[in-house]
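Engineer: Please see the structure below; I have some questions.
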Amino acid sequence: MGQVFQNRSFLAEKDFTRAELEYLIDFSAHLKDLKKRGILHRYLEGKNIALLFEKTSTRTRAAFTVAAVDLGAHPEYLGANDIQLGKKESTEDTAKVLGRMFDGIEFRGFSQEMVEELAEYSGVPVWNGLTDAWHPTQMLADYLTVKENFGRLEGINLVYCGDGRNNVANSLLVTGAILGVNVRIFSPKELFPAQEVVELAEAFAKESGADILISDQAAEVIPGADVLYTDVWVSMGEEDKFKERVALLKPYQVNQDLVDLAGKEELIFLHCLPAFHDTNTVYGKDVAEKFGVEEMEVTDEVFRGPHARHFDQAENRMHTIKAVMAATLGNLFIPKV
Ligand code: CP
Ligand code: NVA
């Protein structure tokens with residue numbers, strides 16, 4: 001034993017058991033505590049980490065960079081326009097080369113197949129920093145934040161509002177189902193999660209006892225919510241869809257009425273970020289001018305209000321990513337989970 005995580009990739013939540021995900025969340029809380037107390041935890045001293053980004057990022061890039069440095073490793077950022085991947089070199093060849101130089105690889109991009117191919121051919125742990133299908137490192141931060149606020153995960157009612165078929169919605173649904181969290185997706189029928197994602201979540205829910213519900217009716221899913229979660233209406237790579245999404249998703253905005261409908265004082269609001277809660281961004285301004293909508297997935301009132309925990313959640317990206325890298329690459333003694 002002792003090798004439960006060593007050399008494993010972190011590509012999708014479904015590849016990990018409930019106990020393994022719970023371990024990673026709790027280990028993250030431990031690493032967060034060490035960091036706050038100034039206790040060094042340089043489990044990856046001398047290691048080199050490649051950070052591949054086809055899509056842009058603030059949190060994920062920053063989290064991997066700071067976490068790698070805290071662990072004693074060297075992170076190297078390789079952006080889409082910096083390397084040959086895709087244009088002049090196949091994923092397989094790139095993976096084989098990077099695997100000979102780096103000890104671990106983070107990848108953010110479009111296709112889930114690509115991150116899987118990197119893992120298959122590099123021979124080193126590969127960590128999925130977001131694809132069109134899943135956002136697994138985000139989930140550890142999200143459920144750590146839920147646990148910090150409620151002291152538990154089992155039986156918590158989490159409602160995701162908005163685009164129900166994007167990477168974050170898919171991941172929340174499946175991860176919540178594994179962890180025993182009651183996940184509800186509140187979105188228009190046109191944006192319900194794909195049937196195979198729902199079936200996967202339902203199969204996990206049967207084991208954990210989680211209650212999964214997909215609905216376009218606020219009255220069915222919002223009352224009793226402990227967590228209201230939302231994400232952008234238009235994900236990276238879909239920037240031509242603002243017009244249709246604004247029209248479709250306006251009724252699914254997280255605003256004070258929705259918070260009141262949930263009816264719980266202890267309710268927390270989460271958002272993976274970045275968020276469109278005002279017009280202080282290029283897209284936010286553009287959407288306001290074209291469609292007359294000044295706040296998209298969440299109102300400024302809720303975003304800045306007493307229930308908001310998204311900046312804790314953003315900080316937790318770093319502690320959780322650190323846990324994944326340390327557990328899969330640090331030769332830690334983890335006898336049994
Ligand atoms: N939540 C998240 O993944 O943020 P970035 O796109 O800034 O990395
Ligand atoms: N669904 C969003 C998440 C960003 C962290 C996107 O893919 O753009």
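Residues in the structure tokens are numbered from 1 in each chain, the chains being A, B, ... in the order shown, and ligands are numbered from 1 in the order shown.
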Where in stretch 69-267 of chain A does DSSP assign helix (DSSP H, G or I), given as a PyMOL selection string?

Structural biologist: chain A and resi 69-70+91-101+112-122+136-150+167-179+189-191+195-208+218-221+239-252+256-262

Engineer: Residues within 12 Å of ligand 2 (only C-alpha atoms and all ligand atoms), as a ChimeraX atom specification?

Structural biologist: /A:54-61,108-111,129-139,142,162-172,230-239,271-276,297,314,317

Engineer: In Å, rounded to a single decimal, give me how far atom CA of A:Phe27 is from atom CA of A:Ala327.

Structural biologist: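 For atom CA of A:Ala327 relative to atom CA of A:Phe27, the distance reads 8.8 Å.
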
Engineer: Go through A:Ala67, A:Leu51, A:Ala219, A:Val126 one by one, measure the shortest atom-to-atom distance of each to A:Gln6 using only C-alpha atoms, and give the residue with the smallest value.

Structural biologist: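 When distances to A:Gln6 are compared using only C-alpha atoms, the smallest one comes from A:Val126.
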
Engineer: Mind checking DSSP for stretch 181-330 of chain A and telling me the strand (DSSP E or B) residues as an NGL selection string?

Structural biologist: :A and (182-186 or 213-215 or 227-230 or 254 or 268-271 or 298 or 308)

Engineer: At a cut-off of 12 Å, using only C-alpha atoms, what residues contact A:Arg152? Leave out same-chain residues fewer than 3 positions from it and give the result as a list in words.

Structural biologist: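 Non-adjacent residues within range: Glu22, Ile25, Asp26, Tyr143, Leu144, Thr145, Val146, Lys147, Glu148, Asn149, Gly155, Ile156, Asn157, Leu179, Gly180, Val181 and Asp226 of chain A.
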
Engineer: Given the selection you just returned, output its residues as a file containing N, CA, C and O atoms, formatted as a short mmCIF file (atom, residue, chain, number, x, y, z; two decimals), in the first residue's frame.

Structural biologist:
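New file part_23.cif:
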```cif
data_model
loop_
_atom_site.label_atom_id
_atom_site.label_comp_id
_atom_site.auth_asym_id
_atom_site.auth_seq_id
_atom_site.Cartn_x
_atom_site.Cartn_y
_atom_site.Cartn_z
N GLU A 22 -12.73 12.39 -0.95
CA GLU A 22 -12.81 12.94 0.42
C GLU A 22 -11.40 13.13 0.99
O GLU A 22 -11.12 14.12 1.66
N ILE A 25 -9.88 16.27 -0.50
CA ILE A 25 -10.48 17.48 0.09
C ILE A 25 -9.91 17.71 1.50
O ILE A 25 -9.50 18.83 1.84
N ASP A 26 -9.84 16.66 2.29
CA ASP A 26 -9.32 16.81 3.66
C ASP A 26 -7.82 17.11 3.68
O ASP A 26 -7.33 17.89 4.51
N TYR A 143 -16.08 21.81 -3.25
CA TYR A 143 -16.61 21.00 -2.15
C TYR A 143 -15.82 21.21 -0.85
O TYR A 143 -16.37 21.05 0.23
N LEU A 144 -14.55 21.61 -0.96
CA LEU A 144 -13.82 22.03 0.26
C LEU A 144 -14.52 23.26 0.85
O LEU A 144 -14.72 23.34 2.08
N THR A 145 -14.89 24.21 0.00
CA THR A 145 -15.55 25.43 0.49
C THR A 145 -16.89 25.10 1.13
O THR A 145 -17.26 25.66 2.18
N VAL A 146 -17.63 24.16 0.53
CA VAL A 146 -18.90 23.74 1.13
C VAL A 146 -18.64 23.11 2.50
O VAL A 146 -19.30 23.43 3.50
N LYS A 147 -17.63 22.25 2.57
CA LYS A 147 -17.33 21.57 3.84
C LYS A 147 -16.87 22.57 4.91
O LYS A 147 -17.23 22.43 6.09
N GLU A 148 -16.11 23.57 4.50
CA GLU A 148 -15.66 24.59 5.46
C GLU A 148 -16.86 25.34 6.07
O GLU A 148 -16.82 25.74 7.23
N ASN A 149 -17.89 25.52 5.26
CA ASN A 149 -19.05 26.30 5.72
C ASN A 149 -20.07 25.49 6.50
O ASN A 149 -20.73 26.01 7.39
N GLY A 155 -25.71 15.11 2.25
CA GLY A 155 -27.04 15.67 2.51
C GLY A 155 -27.18 17.16 2.23
O GLY A 155 -28.28 17.71 2.35
N ILE A 156 -26.08 17.82 1.86
CA ILE A 156 -26.17 19.26 1.52
C ILE A 156 -26.92 19.40 0.19
O ILE A 156 -26.74 18.62 -0.73
N ASN A 157 -27.79 20.43 0.11
CA ASN A 157 -28.53 20.69 -1.12
C ASN A 157 -27.83 21.78 -1.92
O ASN A 157 -27.80 22.94 -1.50
N LEU A 179 -20.10 12.17 -3.88
CA LEU A 179 -19.86 12.58 -2.49
C LEU A 179 -21.11 12.59 -1.61
O LEU A 179 -21.03 12.94 -0.44
N GLY A 180 -22.27 12.27 -2.18
CA GLY A 180 -23.49 12.26 -1.37
C GLY A 180 -24.14 13.63 -1.22
O GLY A 180 -24.95 13.84 -0.31
N VAL A 181 -23.79 14.57 -2.11
CA VAL A 181 -24.40 15.90 -2.11
C VAL A 181 -25.62 15.86 -3.04
O VAL A 181 -25.55 15.32 -4.14
N ASP A 226 -28.98 24.90 0.21
CA ASP A 226 -27.91 25.36 1.10
C ASP A 226 -26.87 26.15 0.31
O ASP A 226 -26.22 27.05 0.83
#
```

Engineer: Tell me which of A:Ala141, A:Leu40, A:Ala205, A:Ile105 sits closest to A:Thr328, counting only C-alpha atoms.

Structural biologist: A:Ile105

Engineer: Choose the residue, out of A:Arg8, A:Lys336, A:His310, A:Lys206, that has the smallest atom-to-atom separation from ligand 1; count only C-alpha atoms and all ligand atoms.

Structural biologist: A:His310

Engineer: Between A:Leu213, A:Ala201, A:Leu44, A:Leu11, which is the closest to A:Glu117 once you count only C-alpha atoms?

Structural biologist: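 Closest residue, counting only C-alpha atoms: A:Leu11.
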